[in-house]
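**Q** Mind looking over this structure? Questions follow.
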Amino acid sequence: MKAAVISAPGEVGITTVDDPAPGPREVVVRVAACGLCGTDLHILQGEFAPALPVVPGHEFAGTVVATGGAVTELAEGDRVAVDPSLYCHECHYCRTGRNNLCERWAAIGVTTAGGAAEFAVAPAANCVKLPDHIRTEDAALIEPLSCAVRGYDILRSRQLGTQVLIYGSGTMGLMMLELAKRTGAAGVDVVDINPERLATARELGCSNAAGSADALDRPRGWDVVIDATGSERAIQDALGRVGRGGTFLQFGVSDYAARAVIEPYRIYHQEITITGSMAVLHSYERAAALFAAGVLDPEVFISDRYPLERYPAALEQFRAGKGRKIQVRP
C-alpha cells in the first residue's frame with residue numbers, strides 16, 4: 001500500500017509499505033481521510049515520535065475492511081472514527097484513571113503506523129461507529145475535537161458567565177471557541193496574527209477578534225485564557241492577560257525548547273491557576289456524540305483536501321499557517 005513516511009528529521013515522502021494485518025483484537029481500516037496536526041510537524045522536526053521512520057496521521061476515519069479473530073463488535077463495512085490513544089492500562093497513572101499520562105504512552109501515527117496511508121490498523125476498542133448522516137471523511141475531525149473536549153474538562157470548575165480569551169484561530173482555537181460558546185461563556189475573544197483565520201473566528205461568532213490583546217478593552221483581564229498556538233511569544237503574552245482568580249490553560253503544543261517566564265508573587269497574590277491539557281482522556285466518545293449533533297461545520301473547519309500523494313506539500317502548507325484543517329485522502 002501507499003503511505004506517507006517520515007524517515008528522518010526533516011524528511012518526508014510517499015512510499016510503498018506492506019499491507020497491514022490485524023491482531024486478534026484489531027481491525028484494518030481503509031482510510032477515508034486523515035487530518036494534519038501540529039503533532040505531525042513536531043514529528044517531522046524529530047520530536048514526539050520515539051523512533052523514525054514512522055507513518056504519521058493520528059486523526060483519521062474510514063471503513064473496516066478486515067477484523068481480527070477475537071473481534072465481535074465490528075464487521076467489514078462498518079464506518080468508524082479512530083481514537084489513536086494506546087495506553088498500557090498497567091502503570092500508576094493508568095490505574096488511577098489518568099491514562100493520558102501513561103508512563104508507556106503510545107499513539108497510532110506517533111509510535112505506530114498511522115492514518116496517512118491507504119490502510120491503518122487500530123484496536124477494535126478504539127473505533128467508534130459513525131451514524132448514517134455523518135460523512136466518513138468528515139469524521140476525521142472527531143479526534144481533534146476530543147482533545148478540545150478534554151481541555152474543557154480541565155476547565156470544568158469555571159463558573160457560568162466567564163470571559164474567555166483564546167490565542168490562535170487555527171483548527172484547535174476555533175474548536176475551543178465553539179465549545180466555549182456552549183459551556184456558558186459570556187464572551188469569547190480571539191487573538192491571532194493571521195487575518196484570514198481571524199475572519200473565520202468572526203464567522204463562527206466570537207465576541208471580538210484582533211491581532212493583539214492590546215486592541216481588546218478588558219483592563220481587568222480575562223477569567224479564562226487559552227493558548228492554542230504553542231508559540232512561545234503568544235504564551236508569554238497570554239500569561240499576562242489572566243485576570244484575578246483566573247485560569248490559564250496551555251492547550252497548544254509547543255516545541256520542547258519553548259520557555260515562558262511566570263511571576264510567582266502575582267500567581268500567589270491574584271490566585272491564578274496555570275494548567276495544561278494533554279491529548280485525550282475519556283473524551284473521544286463524547287466528541288463523537290457532539291460531532292454527530294452538529295457542534296462543528298466540516299465545511300468551515302476543513303479548508304483543504306489533498307490526495308495522499310501530496311502529503312509533503314500539504315504538510316508544508318500547514319507549516320506555513322495557510323488554511324484551517326488540511327486533510328489528505330488516499
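Here's how to read the names in the C-alpha cells: chain A, B, ... by the order shown, residue numbers from 1 in each chain, ligand numbers from 1 in the order shown.
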Tell me, counting only C-alpha atoms, for each residue of range 85-197 of chain A within 8 Å of range 284-297 of chain A, which pair of atoms is nearest and how far apart they are in Å to one decimal, in rows ordered by chain and increasing number, as JSON lines.

**A**
```
{"residue": "A:Val128", "atom": "CA", "partner": "A:Glu285", "partner_atom": "CA", "distance": 7.1}
{"residue": "A:Pro131", "atom": "CA", "partner": "A:Ala292", "partner_atom": "CA", "distance": 7.3}
{"residue": "A:His133", "atom": "CA", "partner": "A:Ala292", "partner_atom": "CA", "distance": 7.9}
{"residue": "A:Ile134", "atom": "CA", "partner": "A:Ala292", "partner_atom": "CA", "distance": 6.7}
{"residue": "A:Ala139", "atom": "CA", "partner": "A:Phe291", "partner_atom": "CA", "distance": 7.9}
{"residue": "A:Ile142", "atom": "CA", "partner": "A:Ala288", "partner_atom": "CA", "distance": 5.7}
{"residue": "A:Glu143", "atom": "CA", "partner": "A:Tyr284", "partner_atom": "CA", "distance": 6.8}
{"residue": "A:Leu145", "atom": "CA", "partner": "A:Ala287", "partner_atom": "CA", "distance": 5.8}
{"residue": "A:Ser146", "atom": "CA", "partner": "A:Tyr284", "partner_atom": "CA", "distance": 4.8}
{"residue": "A:Cys147", "atom": "CA", "partner": "A:Tyr284", "partner_atom": "CA", "distance": 7.9}
{"residue": "A:Val149", "atom": "CA", "partner": "A:Ala287", "partner_atom": "CA", "distance": 6.6}
{"residue": "A:Met175", "atom": "CA", "partner": "A:Leu296", "partner_atom": "CA", "distance": 7.7}
{"residue": "A:Glu178", "atom": "CA", "partner": "A:Val295", "partner_atom": "CA", "distance": 7.3}
```

**Q** Identify all residues of range 62-152 of chain A in helix (DSSP H, G or I) (DSSP on the backbone) and supply them as a VMD selection string.

**A** chain A and resid 92 to 95 99 to 101 124 to 126 137 to 152

**Q** Would you save the residues of that selection, restricted to N, CA, C and O atoms, as a short mmCIF file (atom, residue, chain, number, x, y, z; two decimals), in the first residue's frame?

**A**
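The resulting file, selection.cif, is reproduced below:
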```
data_model
loop_
_atom_site.label_atom_id
_atom_site.label_comp_id
_atom_site.auth_asym_id
_atom_site.auth_seq_id
_atom_site.Cartn_x
_atom_site.Cartn_y
_atom_site.Cartn_z
N HIS A 92 1.07 3.33 37.02
CA HIS A 92 0.42 4.08 38.11
C HIS A 92 -0.67 5.00 37.57
O HIS A 92 -1.77 5.06 38.12
N TYR A 93 -0.37 5.74 36.50
CA TYR A 93 -1.33 6.72 36.01
C TYR A 93 -2.54 6.07 35.36
O TYR A 93 -3.67 6.56 35.52
N CYS A 94 -2.33 5.00 34.64
CA CYS A 94 -3.47 4.27 34.08
C CYS A 94 -4.35 3.72 35.19
O CYS A 94 -5.59 3.79 35.12
N ARG A 95 -3.74 3.19 36.23
CA ARG A 95 -4.52 2.58 37.31
C ARG A 95 -5.28 3.62 38.12
O ARG A 95 -6.26 3.29 38.80
N ASN A 99 -5.04 7.96 32.19
CA ASN A 99 -4.42 7.21 31.10
C ASN A 99 -3.64 8.10 30.13
O ASN A 99 -2.66 7.65 29.53
N ASN A 100 -4.08 9.34 29.95
CA ASN A 100 -3.36 10.21 29.01
C ASN A 100 -1.96 10.55 29.51
O ASN A 100 -1.14 11.07 28.74
N LEU A 101 -1.67 10.27 30.77
CA LEU A 101 -0.33 10.48 31.33
C LEU A 101 0.44 9.17 31.47
O LEU A 101 1.45 9.09 32.16
N ALA A 124 -9.89 -2.66 18.11
CA ALA A 124 -11.34 -2.56 17.95
C ALA A 124 -11.94 -1.63 19.00
O ALA A 124 -12.89 -0.89 18.73
N ALA A 125 -11.36 -1.65 20.21
CA ALA A 125 -11.88 -0.82 21.30
C ALA A 125 -11.71 0.66 21.03
O ALA A 125 -12.36 1.49 21.69
N ASN A 126 -10.84 1.03 20.10
CA ASN A 126 -10.59 2.44 19.80
C ASN A 126 -11.47 2.98 18.67
O ASN A 126 -11.36 4.15 18.31
N GLU A 137 -15.31 10.90 5.71
CA GLU A 137 -14.12 11.74 5.68
C GLU A 137 -14.21 12.90 6.68
O GLU A 137 -13.19 13.32 7.24
N ASP A 138 -15.42 13.39 6.93
CA ASP A 138 -15.57 14.48 7.90
C ASP A 138 -15.25 14.02 9.31
O ASP A 138 -14.82 14.82 10.16
N ALA A 139 -15.46 12.75 9.59
CA ALA A 139 -15.29 12.22 10.95
C ALA A 139 -13.85 12.22 11.42
O ALA A 139 -13.58 12.00 12.60
N ALA A 140 -12.90 12.51 10.52
CA ALA A 140 -11.52 12.68 10.97
C ALA A 140 -11.38 13.88 11.91
O ALA A 140 -10.38 14.00 12.63
N LEU A 141 -12.39 14.76 11.93
CA LEU A 141 -12.37 15.90 12.85
C LEU A 141 -12.67 15.50 14.30
O LEU A 141 -12.47 16.30 15.21
N ILE A 142 -13.15 14.29 14.50
CA ILE A 142 -13.54 13.89 15.86
C ILE A 142 -12.32 13.84 16.79
O ILE A 142 -12.42 14.23 17.96
N GLU A 143 -11.18 13.41 16.29
CA GLU A 143 -10.01 13.31 17.18
C GLU A 143 -9.58 14.67 17.71
O GLU A 143 -9.43 14.83 18.93
N PRO A 144 -9.37 15.68 16.85
CA PRO A 144 -9.02 16.98 17.44
C PRO A 144 -10.13 17.53 18.33
O PRO A 144 -9.84 18.19 19.34
N LEU A 145 -11.38 17.27 17.98
CA LEU A 145 -12.48 17.72 18.84
C LEU A 145 -12.39 17.05 20.21
O LEU A 145 -12.67 17.69 21.23
N SER A 146 -11.98 15.80 20.25
CA SER A 146 -11.87 15.10 21.53
C SER A 146 -10.78 15.72 22.40
O SER A 146 -10.88 15.71 23.63
N CYS A 147 -9.73 16.27 21.77
CA CYS A 147 -8.70 16.98 22.54
C CYS A 147 -9.28 18.27 23.12
O CYS A 147 -8.97 18.64 24.26
N ALA A 148 -10.11 18.96 22.32
CA ALA A 148 -10.75 20.18 22.82
C ALA A 148 -11.70 19.88 23.96
O ALA A 148 -11.77 20.63 24.95
N VAL A 149 -12.43 18.78 23.86
CA VAL A 149 -13.33 18.38 24.95
C VAL A 149 -12.53 18.13 26.22
O VAL A 149 -12.92 18.53 27.32
N ARG A 150 -11.38 17.49 26.08
CA ARG A 150 -10.50 17.27 27.24
C ARG A 150 -10.07 18.60 27.84
O ARG A 150 -10.03 18.76 29.07
N GLY A 151 -9.76 19.58 27.00
CA GLY A 151 -9.39 20.90 27.51
C GLY A 151 -10.48 21.50 28.36
O GLY A 151 -10.22 22.08 29.42
N TYR A 152 -11.72 21.36 27.93
CA TYR A 152 -12.83 21.91 28.71
C TYR A 152 -13.15 21.06 29.94
O TYR A 152 -13.72 21.57 30.92
#
```

**Q** Taking the chain letters and numbering used in this document, name the residues of range 244-320 of chain A that DSSP puts in strand (DSSP E), as a PDB file with all heavy atoms, in the first residue's frame.

**A**
```
ATOM      1  N   ARG A 244      -7.595  38.453  37.879  1.00  0.00           N
ATOM      2  CA  ARG A 244      -7.534  37.942  39.251  1.00  0.00           C
ATOM      3  C   ARG A 244      -8.460  36.729  39.396  1.00  0.00           C
ATOM      4  O   ARG A 244      -9.618  36.770  38.980  1.00  0.00           O
ATOM      5  CB  ARG A 244      -7.955  39.026  40.240  1.00  0.00           C
ATOM      6  CG  ARG A 244      -6.972  40.177  40.349  1.00  0.00           C
ATOM      7  CD  ARG A 244      -7.527  41.302  41.203  1.00  0.00           C
ATOM      8  NE  ARG A 244      -6.575  42.413  41.308  1.00  0.00           N
ATOM      9  CZ  ARG A 244      -5.766  42.626  42.342  1.00  0.00           C
ATOM     10  NH1 ARG A 244      -5.794  41.806  43.379  1.00  0.00           N
ATOM     11  NH2 ARG A 244      -4.939  43.652  42.344  1.00  0.00           N
ATOM     12  N   GLY A 245      -7.945  35.697  39.997  1.00  0.00           N
ATOM     13  CA  GLY A 245      -8.729  34.486  40.193  1.00  0.00           C
ATOM     14  C   GLY A 245      -8.947  33.684  38.924  1.00  0.00           C
ATOM     15  O   GLY A 245      -9.728  32.727  38.914  1.00  0.00           O
ATOM     16  N   GLY A 246      -8.264  34.050  37.849  1.00  0.00           N
ATOM     17  CA  GLY A 246      -8.481  33.416  36.561  1.00  0.00           C
ATOM     18  C   GLY A 246      -7.621  32.186  36.329  1.00  0.00           C
ATOM     19  O   GLY A 246      -6.800  31.792  37.168  1.00  0.00           O
ATOM     20  N   THR A 247      -7.812  31.589  35.163  1.00  0.00           N
ATOM     21  CA  THR A 247      -7.112  30.349  34.801  1.00  0.00           C
ATOM     22  C   THR A 247      -6.466  30.491  33.438  1.00  0.00           C
ATOM     23  O   THR A 247      -7.088  30.992  32.488  1.00  0.00           O
ATOM     24  CB  THR A 247      -8.095  29.165  34.763  1.00  0.00           C
ATOM     25  OG1 THR A 247      -8.653  28.972  36.059  1.00  0.00           O
ATOM     26  CG2 THR A 247      -7.384  27.879  34.349  1.00  0.00           C
ATOM     27  N   PHE A 248      -5.230  30.054  33.346  1.00  0.00           N
ATOM     28  CA  PHE A 248      -4.526  29.955  32.059  1.00  0.00           C
ATOM     29  C   PHE A 248      -4.412  28.488  31.693  1.00  0.00           C
ATOM     30  O   PHE A 248      -3.912  27.681  32.484  1.00  0.00           O
ATOM     31  CB  PHE A 248      -3.126  30.570  32.141  1.00  0.00           C
ATOM     32  CG  PHE A 248      -2.301  30.318  30.903  1.00  0.00           C
ATOM     33  CD1 PHE A 248      -2.502  31.065  29.751  1.00  0.00           C
ATOM     34  CD2 PHE A 248      -1.359  29.309  30.879  1.00  0.00           C
ATOM     35  CE1 PHE A 248      -1.748  30.819  28.603  1.00  0.00           C
ATOM     36  CE2 PHE A 248      -0.596  29.058  29.746  1.00  0.00           C
ATOM     37  CZ  PHE A 248      -0.799  29.816  28.604  1.00  0.00           C
ATOM     38  N   LEU A 249      -4.885  28.137  30.493  1.00  0.00           N
ATOM     39  CA  LEU A 249      -4.807  26.760  30.012  1.00  0.00           C
ATOM     40  C   LEU A 249      -3.810  26.673  28.870  1.00  0.00           C
ATOM     41  O   LEU A 249      -3.995  27.297  27.817  1.00  0.00           O
ATOM     42  CB  LEU A 249      -6.175  26.275  29.524  1.00  0.00           C
ATOM     43  CG  LEU A 249      -6.187  24.873  28.875  1.00  0.00           C
ATOM     44  CD1 LEU A 249      -5.852  23.801  29.897  1.00  0.00           C
ATOM     45  CD2 LEU A 249      -7.533  24.588  28.219  1.00  0.00           C
ATOM     46  N   GLN A 250      -2.746  25.887  29.068  1.00  0.00           N
ATOM     47  CA  GLN A 250      -1.815  25.614  27.979  1.00  0.00           C
ATOM     48  C   GLN A 250      -2.365  24.442  27.172  1.00  0.00           C
ATOM     49  O   GLN A 250      -2.269  23.290  27.564  1.00  0.00           O
ATOM     50  CB  GLN A 250      -0.416  25.279  28.521  1.00  0.00           C
ATOM     51  CG  GLN A 250       0.621  25.089  27.430  1.00  0.00           C
ATOM     52  CD  GLN A 250       0.711  26.305  26.517  1.00  0.00           C
ATOM     53  OE1 GLN A 250       0.840  27.437  26.991  1.00  0.00           O
ATOM     54  NE2 GLN A 250       0.603  26.089  25.228  1.00  0.00           N
ATOM     55  N   THR A 273      -4.558  30.324  38.385  1.00  0.00           N
ATOM     56  CA  THR A 273      -4.304  28.905  38.120  1.00  0.00           C
ATOM     57  C   THR A 273      -3.666  28.752  36.747  1.00  0.00           C
ATOM     58  O   THR A 273      -4.156  29.319  35.766  1.00  0.00           O
ATOM     59  CB  THR A 273      -5.616  28.101  38.160  1.00  0.00           C
ATOM     60  OG1 THR A 273      -6.189  28.200  39.459  1.00  0.00           O
ATOM     61  CG2 THR A 273      -5.369  26.634  37.833  1.00  0.00           C
ATOM     62  N   ILE A 274      -2.578  27.990  36.681  1.00  0.00           N
ATOM     63  CA  ILE A 274      -1.924  27.656  35.417  1.00  0.00           C
ATOM     64  C   ILE A 274      -1.997  26.148  35.259  1.00  0.00           C
ATOM     65  O   ILE A 274      -1.542  25.405  36.133  1.00  0.00           O
ATOM     66  CB  ILE A 274      -0.461  28.132  35.383  1.00  0.00           C
ATOM     67  CG1 ILE A 274      -0.392  29.663  35.526  1.00  0.00           C
ATOM     68  CG2 ILE A 274       0.223  27.693  34.099  1.00  0.00           C
ATOM     69  CD1 ILE A 274       1.022  30.213  35.616  1.00  0.00           C
ATOM     70  N   THR A 275      -2.586  25.699  34.175  1.00  0.00           N
ATOM     71  CA  THR A 275      -2.771  24.257  33.997  1.00  0.00           C
ATOM     72  C   THR A 275      -2.579  23.882  32.535  1.00  0.00           C
ATOM     73  O   THR A 275      -2.409  24.746  31.666  1.00  0.00           O
ATOM     74  CB  THR A 275      -4.162  23.824  34.501  1.00  0.00           C
ATOM     75  OG1 THR A 275      -4.257  22.403  34.492  1.00  0.00           O
ATOM     76  CG2 THR A 275      -5.270  24.415  33.633  1.00  0.00           C
ATOM     77  N   GLY A 276      -2.590  22.594  32.263  1.00  0.00           N
ATOM     78  CA  GLY A 276      -2.397  22.102  30.900  1.00  0.00           C
ATOM     79  C   GLY A 276      -3.392  21.016  30.563  1.00  0.00           C
ATOM     80  O   GLY A 276      -4.076  20.474  31.439  1.00  0.00           O
ATOM     81  N   ILE A 302     -12.753  22.311   7.561  1.00  0.00           N
ATOM     82  CA  ILE A 302     -11.838  21.676   6.606  1.00  0.00           C
ATOM     83  C   ILE A 302     -11.637  22.624   5.434  1.00  0.00           C
ATOM     84  O   ILE A 302     -12.552  22.882   4.654  1.00  0.00           O
ATOM     85  CB  ILE A 302     -12.387  20.326   6.119  1.00  0.00           C
ATOM     86  CG1 ILE A 302     -12.617  19.383   7.299  1.00  0.00           C
ATOM     87  CG2 ILE A 302     -11.410  19.685   5.119  1.00  0.00           C
ATOM     88  CD1 ILE A 302     -13.374  18.108   6.931  1.00  0.00           C
ATOM     89  N   SER A 303     -10.430  23.163   5.310  1.00  0.00           N
ATOM     90  CA  SER A 303     -10.165  24.142   4.260  1.00  0.00           C
ATOM     91  C   SER A 303      -9.578  23.520   3.006  1.00  0.00           C
ATOM     92  O   SER A 303      -9.748  24.051   1.900  1.00  0.00           O
ATOM     93  CB  SER A 303      -9.214  25.232   4.778  1.00  0.00           C
ATOM     94  OG  SER A 303      -7.964  24.677   5.154  1.00  0.00           O
ATOM     95  N   ASP A 304      -8.844  22.408   3.160  1.00  0.00           N
ATOM     96  CA  ASP A 304      -8.154  21.808   2.022  1.00  0.00           C
ATOM     97  C   ASP A 304      -8.220  20.289   2.105  1.00  0.00           C
ATOM     98  O   ASP A 304      -8.058  19.707   3.191  1.00  0.00           O
ATOM     99  CB  ASP A 304      -6.685  22.239   1.989  1.00  0.00           C
ATOM    100  CG  ASP A 304      -6.522  23.739   1.840  1.00  0.00           C
ATOM    101  OD1 ASP A 304      -6.481  24.207   0.684  1.00  0.00           O
ATOM    102  OD2 ASP A 304      -6.448  24.428   2.874  1.00  0.00           O
ATOM    103  N   ARG A 305      -8.441  19.665   0.946  1.00  0.00           N
ATOM    104  CA  ARG A 305      -8.473  18.210   0.848  1.00  0.00           C
ATOM    105  C   ARG A 305      -7.562  17.791  -0.296  1.00  0.00           C
ATOM    106  O   ARG A 305      -7.825  18.107  -1.456  1.00  0.00           O
ATOM    107  CB  ARG A 305      -9.908  17.717   0.605  1.00  0.00           C
ATOM    108  CG  ARG A 305     -10.897  18.077   1.716  1.00  0.00           C
ATOM    109  CD  ARG A 305     -12.322  17.744   1.299  1.00  0.00           C
ATOM    110  NE  ARG A 305     -13.287  17.905   2.382  1.00  0.00           N
ATOM    111  CZ  ARG A 305     -13.923  19.040   2.658  1.00  0.00           C
ATOM    112  NH1 ARG A 305     -13.678  20.124   1.930  1.00  0.00           N
ATOM    113  NH2 ARG A 305     -14.790  19.103   3.650  1.00  0.00           N
ATOM    114  N   TYR A 306      -6.472  17.110   0.048  1.00  0.00           N
ATOM    115  CA  TYR A 306      -5.468  16.732  -0.943  1.00  0.00           C
ATOM    116  C   TYR A 306      -5.389  15.214  -1.080  1.00  0.00           C
ATOM    117  O   TYR A 306      -5.675  14.483  -0.122  1.00  0.00           O
ATOM    118  CB  TYR A 306      -4.084  17.242  -0.525  1.00  0.00           C
ATOM    119  CG  TYR A 306      -3.915  18.728  -0.584  1.00  0.00           C
ATOM    120  CD1 TYR A 306      -3.591  19.455   0.564  1.00  0.00           C
ATOM    121  CD2 TYR A 306      -4.063  19.411  -1.782  1.00  0.00           C
ATOM    122  CE1 TYR A 306      -3.418  20.830   0.511  1.00  0.00           C
ATOM    123  CE2 TYR A 306      -3.889  20.788  -1.844  1.00  0.00           C
ATOM    124  CZ  TYR A 306      -3.563  21.498  -0.696  1.00  0.00           C
ATOM    125  OH  TYR A 306      -3.396  22.855  -0.757  1.00  0.00           O
ATOM    126  N   PRO A 307      -4.965  14.732  -2.252  1.00  0.00           N
ATOM    127  CA  PRO A 307      -4.677  13.302  -2.364  1.00  0.00           C
ATOM    128  C   PRO A 307      -3.452  12.950  -1.523  1.00  0.00           C
ATOM    129  O   PRO A 307      -2.586  13.802  -1.277  1.00  0.00           O
ATOM    130  CB  PRO A 307      -4.420  13.101  -3.860  1.00  0.00           C
ATOM    131  CG  PRO A 307      -3.981  14.441  -4.347  1.00  0.00           C
ATOM    132  CD  PRO A 307      -4.734  15.444  -3.525  1.00  0.00           C
TER     133      PRO A 307
END
```

**Q** If you take only C-alpha atoms and a cut-off of 12 Å, which residues of range 21-49 of chain A touch range 113-116 of chain A, and what are their nearest atom pairs and distances in Å to one decimal, in chain and number order, as a Markdown table?

**A**
```
| residue | atom | partner | partner_atom | distance |
| --- | --- | --- | --- | --- |
| A:Val28 | CA | A:Gly115 | CA | 10.8 |
| A:Val29 | CA | A:Gly115 | CA | 8.8 |
| A:Arg30 | CA | A:Gly115 | CA | 9.0 |
| A:Val31 | CA | A:Gly115 | CA | 6.4 |
| A:Ala32 | CA | A:Gly115 | CA | 9.1 |
| A:Ala33 | CA | A:Gly115 | CA | 7.9 |
| A:Cys34 | CA | A:Gly115 | CA | 5.8 |
| A:Gly35 | CA | A:Ala116 | CA | 8.3 |
| A:Leu36 | CA | A:Ala116 | CA | 8.9 |
| A:Cys37 | CA | A:Ala116 | CA | 11.6 |
| A:Asp40 | CA | A:Ala116 | CA | 10.5 |
| A:Ala49 | CA | A:Ala113 | CA | 10.9 |
```

**Q** Could you give me, as a ChimeraX atom specification, the residues within 12 Å of Asp217 in chain A, counting only C-alpha atoms and dropping anything in the same chain fewer than 5 positions from it?

**A** /A:163,165,189,207-210,212,222,241

**Q** Keeping only N, CA, C and O atoms, write the selected residues to a file as a PDB file, in the first residue's frame.

**A**
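This is the output file again-v6.pdb:
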```pdb
ATOM      1  N   GLN A 163     -15.529  35.288  31.013  1.00  0.00           N
ATOM      2  CA  GLN A 163     -14.963  35.942  29.844  1.00  0.00           C
ATOM      3  C   GLN A 163     -13.719  35.147  29.429  1.00  0.00           C
ATOM      4  O   GLN A 163     -12.821  34.922  30.230  1.00  0.00           O
ATOM      5  N   LEU A 165     -10.541  34.326  26.627  1.00  0.00           N
ATOM      6  CA  LEU A 165      -9.645  34.814  25.585  1.00  0.00           C
ATOM      7  C   LEU A 165      -8.876  33.627  25.018  1.00  0.00           C
ATOM      8  O   LEU A 165      -8.246  32.883  25.779  1.00  0.00           O
ATOM      9  N   ASP A 189     -13.259  36.092  23.180  1.00  0.00           N
ATOM     10  CA  ASP A 189     -12.410  36.899  22.321  1.00  0.00           C
ATOM     11  C   ASP A 189     -11.299  36.035  21.745  1.00  0.00           C
ATOM     12  O   ASP A 189     -10.833  35.081  22.391  1.00  0.00           O
ATOM     13  N   SER A 207     -16.807  36.978  20.126  1.00  0.00           N
ATOM     14  CA  SER A 207     -17.234  38.300  20.578  1.00  0.00           C
ATOM     15  C   SER A 207     -16.390  39.400  19.945  1.00  0.00           C
ATOM     16  O   SER A 207     -16.906  40.429  19.492  1.00  0.00           O
ATOM     17  N   ASN A 208     -15.077  39.184  19.931  1.00  0.00           N
ATOM     18  CA  ASN A 208     -14.141  40.126  19.331  1.00  0.00           C
ATOM     19  C   ASN A 208     -12.980  39.337  18.745  1.00  0.00           C
ATOM     20  O   ASN A 208     -12.616  38.268  19.266  1.00  0.00           O
ATOM     21  N   ALA A 209     -12.387  39.870  17.691  1.00  0.00           N
ATOM     22  CA  ALA A 209     -11.215  39.249  17.082  1.00  0.00           C
ATOM     23  C   ALA A 209     -10.208  40.342  16.780  1.00  0.00           C
ATOM     24  O   ALA A 209     -10.564  41.393  16.237  1.00  0.00           O
ATOM     25  N   ALA A 210      -8.948  40.105  17.145  1.00  0.00           N
ATOM     26  CA  ALA A 210      -7.935  41.147  16.974  1.00  0.00           C
ATOM     27  C   ALA A 210      -6.565  40.517  16.775  1.00  0.00           C
ATOM     28  O   ALA A 210      -6.337  39.348  17.115  1.00  0.00           O
ATOM     29  N   SER A 212      -3.964  41.592  18.351  1.00  0.00           N
ATOM     30  CA  SER A 212      -3.276  41.696  19.637  1.00  0.00           C
ATOM     31  C   SER A 212      -4.302  41.900  20.737  1.00  0.00           C
ATOM     32  O   SER A 212      -5.322  42.579  20.525  1.00  0.00           O
ATOM     33  N   TRP A 222      -8.940  38.532  31.656  1.00  0.00           N
ATOM     34  CA  TRP A 222      -9.981  37.546  31.346  1.00  0.00           C
ATOM     35  C   TRP A 222     -10.041  36.466  32.421  1.00  0.00           C
ATOM     36  O   TRP A 222      -9.033  36.157  33.071  1.00  0.00           O
ATOM     37  N   ARG A 241      -2.385  38.143  30.601  1.00  0.00           N
ATOM     38  CA  ARG A 241      -3.759  38.595  30.354  1.00  0.00           C
ATOM     39  C   ARG A 241      -4.774  37.955  31.295  1.00  0.00           C
ATOM     40  O   ARG A 241      -5.965  38.270  31.229  1.00  0.00           O
TER      41      ARG A 241
END
```

**Q** Smallest atom-to-atom distance to Thr72 in chain A: which of A:Ile267, A:Met176, A:Leu315, A:Val27, using only C-alpha atoms?

**A**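 Between A:Ile267, A:Met176, A:Leu315, A:Val27, the residue approaching Thr72 in chain A most closely is A:Val27.
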
**Q** Using only C-alpha atoms, determine which residues lie at most 10 Å from Gln159 in chain A, disregarding the query and same-chain residues fewer than 5 positions distant; provide the list as a ChimeraX atom specification.

**A** /A:183-185,223
